[in-house]
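Engineer: Structure supplied as entry24.csv; contents: CSV, C-alpha atoms.
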chain,number,residue,atom,x,y,z
A,1,TYR,CA,42.0,-34.2,-31.4
A,2,GLY,CA,42.6,-35.2,-27.7
A,3,GLN,CA,42.5,-33.3,-24.4
A,4,SER,CA,43.8,-34.3,-21.0
A,5,ALA,CA,45.8,-32.9,-18.1
A,6,LEU,CA,47.7,-36.0,-17.2
A,7,PRO,CA,51.5,-36.0,-18.0
A,8,VAL,CA,51.4,-39.7,-19.2
A,9,TYR,CA,50.3,-38.5,-22.6
A,10,GLU,CA,53.3,-36.3,-23.2
A,11,GLN,CA,55.2,-39.1,-25.0
A,12,ILE,CA,52.4,-40.0,-27.5
A,13,PRO,CA,54.3,-40.8,-30.8
A,14,GLY,CA,53.4,-38.7,-33.9
A,15,ALA,CA,51.4,-36.2,-31.9
A,16,VAL,CA,51.6,-32.4,-31.9
A,17,MET,CA,51.3,-31.4,-28.2
A,18,LEU,CA,49.9,-28.0,-27.2
A,19,ARG,CA,49.8,-26.2,-23.9
A,20,LEU,CA,46.4,-24.8,-22.8
A,21,HIS,CA,45.4,-21.7,-21.0
A,22,ALA,CA,41.7,-21.7,-20.3
A,23,GLY,CA,39.6,-18.8,-21.4
A,24,ASP,CA,36.4,-17.8,-23.1
A,25,ASP,CA,35.1,-20.0,-25.9
A,26,ALA,CA,35.5,-17.7,-29.0
A,27,SER,CA,34.0,-20.2,-31.5
A,28,CYS,CA,30.7,-19.9,-33.2
A,29,ARG,CA,29.1,-22.0,-30.5
A,30,ASN,CA,29.4,-19.0,-28.0
A,31,LEU,CA,26.9,-16.3,-28.7
A,32,ASN,CA,28.6,-13.9,-26.2
A,33,HIS,CA,31.5,-11.7,-27.1
A,34,ALA,CA,34.7,-13.3,-25.9
A,35,GLN,CA,36.8,-11.1,-23.6
A,36,GLN,CA,39.7,-13.5,-22.9
A,37,PRO,CA,39.9,-16.2,-25.6
A,38,GLN,CA,41.4,-19.6,-24.9
A,39,LEU,CA,45.2,-19.7,-25.7
A,40,LEU,CA,47.2,-22.6,-27.0
A,41,GLY,CA,51.0,-22.9,-27.0
A,42,VAL,CA,52.7,-25.0,-29.6
A,43,ARG,CA,56.2,-25.4,-31.2
A,44,PRO,CA,55.7,-23.7,-34.6
A,45,GLU,CA,58.1,-26.0,-36.4
A,46,GLU,CA,55.9,-29.0,-35.5
A,47,LEU,CA,53.0,-27.6,-37.5
A,48,ALA,CA,55.1,-25.9,-40.1
A,49,LYS,CA,56.8,-29.2,-41.2
A,50,ARG,CA,53.3,-30.7,-41.7
A,51,GLY,CA,51.9,-27.7,-43.5
A,52,ALA,CA,49.0,-27.8,-41.1
A,53,PHE,CA,45.9,-25.8,-41.7
A,54,GLY,CA,47.5,-23.7,-44.5
A,55,ALA,CA,48.9,-21.1,-42.0
A,56,SER,CA,52.4,-19.6,-41.9
A,57,TRP,CA,53.4,-20.9,-38.5
A,58,LYS,CA,56.9,-19.4,-38.8
A,59,LEU,CA,55.2,-16.0,-38.1
A,60,LEU,CA,54.8,-17.1,-34.5
A,61,GLU,CA,58.6,-16.9,-34.0
A,62,GLN,CA,58.9,-13.3,-35.3
A,63,LEU,CA,58.6,-11.1,-32.3
A,64,PRO,CA,57.6,-7.5,-33.3
A,65,ALA,CA,59.5,-4.5,-31.9
A,66,ASP,CA,56.6,-3.3,-29.8
A,67,GLY,CA,56.8,-6.6,-27.7
A,68,ALA,CA,53.4,-7.9,-28.7
A,69,VAL,CA,53.1,-11.7,-28.8
A,70,PRO,CA,52.3,-13.1,-32.3
A,71,ALA,CA,49.2,-15.3,-32.6
A,72,ILE,CA,47.3,-17.2,-35.3
A,73,GLY,CA,43.6,-17.9,-35.1
A,74,ASP,CA,40.7,-19.2,-37.0
A,75,GLU,CA,39.3,-16.7,-39.5
A,76,ALA,CA,35.7,-16.9,-38.1
A,77,THR,CA,37.0,-16.6,-34.5
A,78,VAL,CA,39.1,-13.5,-35.2
A,79,THR,CA,36.7,-11.7,-37.5
A,80,TRP,CA,33.4,-12.3,-35.8
A,81,SER,CA,33.9,-13.4,-32.2
A,82,LEU,CA,36.8,-11.1,-31.5
A,83,GLY,CA,36.1,-8.3,-34.0
A,84,LYS,CA,39.7,-8.2,-35.1
A,85,LYS,CA,41.8,-8.6,-38.3
A,86,VAL,CA,45.4,-9.4,-39.2
A,87,GLY,CA,47.6,-6.8,-37.6
A,88,ASP,CA,45.3,-5.9,-34.7
A,89,THR,CA,46.2,-6.5,-31.1
A,90,LEU,CA,44.2,-8.0,-28.2
A,91,PRO,CA,44.9,-7.3,-24.5
A,92,VAL,CA,45.3,-10.5,-22.5
A,93,ALA,CA,46.0,-10.9,-18.8
A,94,ASP,CA,49.0,-13.2,-17.9
A,95,ALA,CA,49.3,-15.6,-14.9
A,96,ARG,CA,50.0,-12.6,-12.6
A,97,GLY,CA,47.2,-10.4,-13.9
A,98,ARG,CA,49.5,-8.2,-15.9
A,99,ILE,CA,48.2,-7.1,-19.3
A,100,PHE,CA,50.2,-7.9,-22.5
A,101,GLN,CA,49.3,-7.5,-26.1
A,102,VAL,CA,48.6,-10.4,-28.5
A,103,ARG,CA,49.0,-9.5,-32.2
A,104,ILE,CA,47.1,-11.4,-34.9
A,105,VAL,CA,49.7,-12.3,-37.5
A,106,GLY,CA,47.8,-14.9,-39.5
A,107,LEU,CA,44.5,-16.6,-40.1
A,108,ALA,CA,43.5,-20.2,-40.8
A,109,VAL,CA,40.2,-21.3,-42.4
A,110,ASN,CA,37.9,-24.0,-41.1
A,111,TRP,CA,40.3,-25.6,-38.6
A,112,ILE,CA,39.6,-27.8,-35.6
A,113,LEU,CA,41.0,-25.3,-33.1
A,114,GLN,CA,38.3,-22.8,-33.7
A,115,GLY,CA,37.7,-20.6,-30.7
A,116,SER,CA,41.4,-20.4,-29.7
A,117,LEU,CA,44.4,-18.3,-30.4
A,118,VAL,CA,47.7,-20.2,-31.0
A,119,LEU,CA,51.0,-18.8,-29.6
A,120,ALA,CA,54.5,-20.0,-29.9
A,121,GLU,CA,55.3,-22.3,-26.9
A,122,LYS,CA,58.2,-20.1,-25.8
A,123,SER,CA,55.9,-17.1,-25.5
A,124,PHE,CA,53.2,-19.1,-23.9
A,125,VAL,CA,55.5,-20.4,-21.1
A,126,GLU,CA,56.9,-16.9,-20.6
A,127,HIS,CA,53.5,-15.5,-19.7
A,128,PHE,CA,51.8,-18.6,-18.3
A,129,PRO,CA,54.5,-20.6,-16.4
A,130,ASP,CA,51.9,-22.2,-14.1
A,131,ASP,CA,50.1,-23.9,-17.0
A,132,GLY,CA,52.5,-26.8,-17.1
A,133,GLY,CA,52.3,-29.9,-19.2
A,134,TYR,CA,50.4,-30.5,-22.4
A,135,ARG,CA,46.6,-30.8,-22.4
A,136,VAL,CA,45.7,-30.7,-26.1
A,137,PHE,CA,47.0,-33.1,-28.7
A,138,LEU,CA,46.7,-33.3,-32.5
A,139,MET,CA,47.2,-36.9,-33.7
A,140,ASP,CA,47.3,-38.4,-37.2
A,141,SER,CA,45.8,-41.6,-35.7
A,142,VAL,CA,44.1,-42.4,-32.4
A,143,PRO,CA,46.2,-44.6,-30.2
A,144,VAL,CA,44.7,-47.1,-27.8
A,145,LEU,CA,44.6,-45.0,-24.6
A,146,ALA,CA,41.1,-45.6,-23.4
A,147,ASP,CA,42.4,-46.8,-20.0
A,148,LYS,CA,44.3,-43.5,-19.6
A,149,CYS,CA,41.1,-41.3,-19.6
A,150,LEU,CA,42.1,-39.5,-22.8
A,151,GLU,CA,39.2,-37.7,-24.4
A,152,VAL,CA,39.6,-38.1,-28.2
A,153,ALA,CA,37.4,-36.6,-30.9
A,154,PRO,CA,37.8,-37.1,-34.6
A,155,ALA,CA,38.6,-34.0,-36.6
A,156,THR,CA,35.6,-34.6,-38.9
A,157,ARG,CA,33.2,-34.7,-35.9
A,158,ARG,CA,34.7,-31.5,-34.4
A,159,LEU,CA,34.4,-29.7,-37.7
A,160,ALA,CA,30.9,-30.9,-38.2
A,161,GLU,CA,29.9,-29.4,-34.8
A,162,PHE,CA,31.2,-26.0,-35.9
A,163,LEU,CA,29.6,-26.3,-39.3
A,164,GLU,CA,26.3,-27.3,-37.8
A,165,VAL,CA,26.1,-24.0,-35.9
A,166,GLU,CA,27.1,-22.0,-39.0
A,167,ASN,CA,24.5,-23.9,-41.1
A,168,THR,CA,21.8,-23.0,-38.5
A,169,TYR,CA,22.7,-19.3,-38.9
A,170,LEU,CA,22.6,-19.6,-42.7
A,171,ALA,CA,19.2,-21.3,-42.6
A,172,ILE,CA,17.8,-18.5,-40.5
A,173,PHE,CA,19.2,-15.8,-42.8
A,174,GLN,CA,17.9,-17.7,-45.8
A,175,ALA,CA,14.4,-17.9,-44.3
A,176,LEU,CA,14.5,-14.1,-43.5
A,177,GLY,CA,15.8,-13.5,-47.0
A,178,GLY,CA,13.0,-15.6,-48.5
A,179,LEU,CA,10.4,-13.6,-46.5
A,180,GLY,CA,11.9,-10.4,-47.8
A,181,VAL,CA,11.7,-11.6,-51.4
A,182,LEU,CA,8.1,-12.6,-50.8
A,183,LEU,CA,7.1,-9.3,-49.3
A,184,GLY,CA,8.9,-7.5,-52.1
A,185,SER,CA,7.0,-9.5,-54.7
A,186,VAL,CA,3.7,-8.9,-53.1
A,187,GLY,CA,4.5,-5.2,-52.8
A,188,LEU,CA,5.4,-5.0,-56.5
A,189,ALA,CA,2.1,-6.6,-57.5
A,190,ILE,CA,0.2,-4.1,-55.2
A,191,VAL,CA,2.0,-1.1,-56.7
A,192,VAL,CA,1.3,-2.2,-60.3
A,193,ALA,CA,-2.4,-3.0,-59.5
A,194,ARG,CA,-3.0,0.3,-57.7
A,195,ASN,CA,-1.3,2.4,-60.4
A,196,THR,CA,-3.3,0.7,-63.1
A,197,LEU,CA,-6.6,1.2,-61.3
A,198,GLU,CA,-5.9,4.9,-60.9
A,199,ARG,CA,-5.3,5.1,-64.7
A,200,ARG,CA,-8.4,3.2,-65.8
A,201,GLY,CA,-9.8,6.3,-67.3
A,202,GLU,CA,-6.7,6.9,-69.4
A,203,LEU,CA,-6.6,3.3,-70.5
A,204,ALA,CA,-10.3,3.5,-71.4
A,205,VAL,CA,-9.5,6.4,-73.7
A,206,LEU,CA,-6.8,4.4,-75.4
A,207,GLN,CA,-9.1,1.5,-75.8
A,208,ALA,CA,-11.8,3.8,-77.3
A,209,VAL,CA,-9.4,5.0,-80.0
A,210,GLY,CA,-8.5,1.5,-81.1
A,211,PHE,CA,-6.0,-0.1,-78.7
A,212,GLN,CA,-6.7,-3.8,-77.9
A,213,ARG,CA,-7.0,-4.8,-74.3
A,214,SER,CA,-4.0,-7.1,-74.6
A,215,ALA,CA,-1.9,-4.3,-76.0
A,216,LEU,CA,-2.8,-2.2,-73.0
A,217,ARG,CA,-1.7,-4.9,-70.6
A,218,TRP,CA,1.7,-5.1,-72.3
A,219,LEU,CA,1.9,-1.3,-72.1
A,220,VAL,CA,1.3,-1.4,-68.3
A,221,VAL,CA,3.8,-4.3,-67.9
A,222,CYS,CA,6.5,-2.5,-69.9
A,223,GLU,CA,6.1,0.6,-67.9
A,224,HIS,CA,6.6,-1.3,-64.6
A,225,TRP,CA,9.3,-3.6,-65.9
A,226,LEU,CA,11.8,-0.8,-65.0
A,227,LEU,CA,10.8,-1.3,-61.4
A,228,VAL,CA,11.7,-5.0,-61.6
A,229,ILE,CA,15.1,-4.3,-63.2
A,230,LEU,CA,16.0,-1.5,-60.7
A,231,GLY,CA,14.9,-3.7,-57.7
A,232,ILE,CA,17.0,-6.7,-58.8
A,233,GLY,CA,20.0,-4.4,-59.7
A,234,ILE,CA,20.0,-2.6,-56.3
A,235,GLY,CA,19.5,-5.8,-54.4
A,236,LEU,CA,22.4,-7.5,-56.3
A,237,VAL,CA,24.8,-4.6,-55.7
A,238,ALA,CA,23.9,-4.6,-51.9
A,239,ALA,CA,24.4,-8.3,-51.7
A,240,MET,CA,27.8,-8.1,-53.5
A,241,VAL,CA,28.9,-5.4,-51.0
A,242,ALA,CA,27.8,-7.6,-48.1
A,243,VAL,CA,29.7,-10.7,-49.3
A,244,LEU,CA,32.8,-8.9,-50.7
A,245,PRO,CA,34.9,-9.8,-47.6
A,246,SER,CA,34.1,-13.4,-48.1
A,247,TRP,CA,35.1,-13.3,-51.8
A,248,ARG,CA,38.5,-12.0,-50.8
A,249,THR,CA,39.4,-15.1,-48.8
A,250,ALA,CA,40.2,-18.6,-50.1
A,251,SER,CA,36.8,-19.9,-48.9
A,252,GLY,CA,34.9,-17.3,-50.9
A,253,ALA,CA,32.7,-18.5,-53.8
A,254,GLY,CA,31.8,-16.4,-56.8
A,255,ILE,CA,28.5,-16.1,-58.7
A,256,GLY,CA,27.6,-19.7,-59.6
A,257,PRO,CA,24.8,-21.3,-61.6
A,258,GLY,CA,22.6,-21.2,-58.6
A,259,MET,CA,22.9,-17.5,-58.2
A,260,VAL,CA,22.2,-16.9,-61.9
A,261,ALA,CA,19.1,-19.1,-61.7
A,262,LEU,CA,17.9,-17.2,-58.7
A,263,LEU,CA,18.3,-13.8,-60.5
A,264,ALA,CA,16.5,-15.2,-63.6
A,265,GLY,CA,13.7,-16.5,-61.4
A,266,LEU,CA,13.3,-13.1,-59.8
A,267,ALA,CA,13.2,-11.4,-63.1
A,268,VAL,CA,10.6,-13.9,-64.6
A,269,GLY,CA,8.6,-13.8,-61.4
A,270,GLY,CA,8.5,-9.9,-61.4
A,271,LEU,CA,7.4,-9.9,-65.0
A,272,GLY,CA,4.7,-12.5,-64.3
A,273,ARG,CA,3.4,-10.6,-61.2
A,274,SER,CA,3.3,-7.4,-63.2
A,275,TRP,CA,1.2,-9.1,-65.9
A,276,LEU,CA,-1.2,-10.6,-63.4
A,277,ALA,CA,-1.7,-7.2,-61.6
A,278,ALA,CA,-2.3,-5.5,-65.0
A,279,TRP,CA,-4.7,-8.2,-66.0
A,280,ALA,CA,-6.7,-8.0,-62.8
A,281,ALA,CA,-6.9,-4.2,-63.0
A,282,LEU,CA,-8.1,-4.2,-66.6
A,283,ARG,CA,-10.8,-6.7,-66.0
A,284,GLY,CA,-14.5,-5.7,-66.5
A,285,PRO,CA,-15.9,-2.9,-68.6
A,286,LEU,CA,-13.9,0.3,-68.9
A,287,LEU,CA,-16.9,2.4,-70.1
A,288,PRO,CA,-17.6,3.9,-66.6
A,289,ALA,CA,-14.0,5.0,-66.3
A,290,LEU,CA,-14.2,6.5,-69.8
A,291,ARG,CA,-17.3,8.6,-68.8
A,292,ASN,CA,-15.5,9.9,-65.7
A,293,GLU,CA,-12.4,10.8,-67.8
Could you write out this file's structure as structure tokens?
Structural biologist:
Amino acid sequence: YGQSALPVYEQIPGAVMLRLHAGDDASCRNLNHAQQPQLLGVRPEELAKRGAFGASWKLLEQLPADGAVPAIGDEATVTWSLGKKVGDTLPVADARGRIFQVRIVGLAVNWILQGSLVLAEKSFVEHFPDDGGYRVFLMDSVPVLADKCLEVAPATRRLAEFLEVENTYLAIFQALGGLGVLLGSVGLAIVVARNTLERRGELAVLQAVGFQRSALRWLVVCEHWLLVILGIGIGLVAAMVAVLPSWRTASGAGIGPGMVALLAGLAVGGLGRSWLAAWAALRGPLLPALRNE
């Protein structure tokens, strides 16, 4: 990936050259809502013959009847930064300040041009004739052009920069999710303990007629086990609804061993906390509670 405004780079062998119209950075590195995203102009056949980024670049050549300009963008950029989906249009101002519509006709996943929308070069030149020359290059190998002031970045480094931001968000959400699980676990233990304390008289009567203390503990745990099952079930359904859009894409991942282990850990932990709460509530003599009953 290289960027420069000098025309000397227009004849780089083996490179895909793109025109650039500056705009708002719509990648995950920009926390603000992008109003006018950066636009790139490319010859669709150059990317189509390479099968680049898994997108259908021929769609850029199919002009719709309403006059909207076809564009392809990164899935994260279109979905989250622009709040759009395939088929939606985005108003963009051309070189003379006139508004034209850009229609999203395709999405690419995890590509190095995140934050930009790609148009066909013909449409780009029509609306931005003043943005002459090529300023962005995609190269299979880096040529020796250090003396020409060309800024070159490996695709792996550029993708790593985007993923670093995404991983930071994921770490924050995981921390908040872990805090929620902790609060829910403590809340469950408090509910079981309070309910058991309020029923000490009833449990004392059962012990007086022959029930063992261990049997009473299991009775309390089994009564509250339904809370654990309902809690895990409701949380699982809510989580599946939240990640359903991701599952529908190529990058979506299903329920793996890690998720199964997490659910099993929550179930075992809920059972253990219910047992500890019941054990703590049934400690000590139950005779005073029996007299009150």
Engineer: What lies within 8 Å of region 103-110 of chain A using all atoms listed in the file, ignoring chain neighbours under 2 positions off, as a list in words?
Structural biologist: Phe53, Gly54, Ala55, Ser56, Leu59, Leu60, Ala68, Val69, Pro70, Ala71, Ile72, Gly73, Asp74, Glu75, Ala76, Val78, Lys85, Val86, Gly87, Asp88, Thr89, Leu90, Gln101, Ile112, Gln114, Leu159 and Ser251 of chain A
Engineer: Using only C-alpha atoms, which protein or nucleic acid residues come within 10 Å of Leu47 (chain A)? Drop anything in the same chain fewer than 3 positions from it, and give the result as JSON, numbers by chain.
Structural biologist: {"A": [16, 42, 43, 44, 50, 51, 52, 53, 54, 55, 56, 57, 58, 138]}
Engineer: Would you kindly return, as a PyMOL selection string, each protein, DNA or RNA residue with an atom no farther than 12 Å from any atom of Val186 (chain A), considering only C-alpha atoms and excluding same-chain residues fewer than 6 positions away?
Structural biologist: chain A and resi 179-180+192-193+269-270+272-274+276-277
Engineer: With distances taken over all atoms listed in the file, which of A:Gly210, A:Ala15, A:Lys49, A:Leu266 is nearest to Leu182 (chain A)?
Structural biologist: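 The closest residue to Leu182 (chain A) is A:Leu266.
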Engineer: May I ask for the distance between CA of Ser214 (chain A) and CA of Leu271 (chain A), given in Å to one decimal place?
Structural biologist: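 The value is 15.2 Å.
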Engineer: Tell me, in Å to one decimal, how far CA of Arg158 (chain A) is from CA of Trp111 (chain A).
Structural biologist: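 These two atoms are separated by 9.2 Å.
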Engineer: So, with all atoms listed in the file as the atoms that count, which of A:Ala155, A:Ala160, A:Val181, A:Ala175 lies closest to Gly231 (chain A)?
Structural biologist: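 Once distances to Gly231 (chain A) are computed over all atoms listed in the file, the minimum belongs to A:Val181.
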Engineer: Restricting the calculation to only C-alpha atoms, which member of A:Leu262, A:Ile99, A:Leu39, A:Ile229 is positioned closest to Leu188 (chain A)?
Structural biologist: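 Nearest candidate to Leu188 (chain A) out of A:Leu262, A:Ile99, A:Leu39, A:Ile229: A:Ile229.
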Engineer: Please compute the CA of Gln62 (chain A)-CA of Asp24 (chain A) distance, one decimal, in Å.
Structural biologist: 26.0 Å
Engineer: Which one of A:Asn195, A:Met139, A:Gln35, A:Ala120 sits closest to Val92 (chain A) if you count all atoms listed in the file?
Structural biologist: A:Gln35
Engineer: Would you please work out which residue, of A:Glu202, A:Glu166, A:Asp94, A:Gln174, is nearest to Phe128 (chain A) when using only C-alpha atoms?
Structural biologist: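 Among A:Glu202, A:Glu166, A:Asp94, A:Gln174, it is A:Asp94 that comes nearest to Phe128 (chain A).
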Engineer: Which residue is closest to Ala215 (chain A)? Choose from A:Leu203, A:Ala264, A:Leu183, A:Val237 and count all atoms listed in the file.
Structural biologist: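 Closest residue, counting all atoms listed in the file: A:Leu203.
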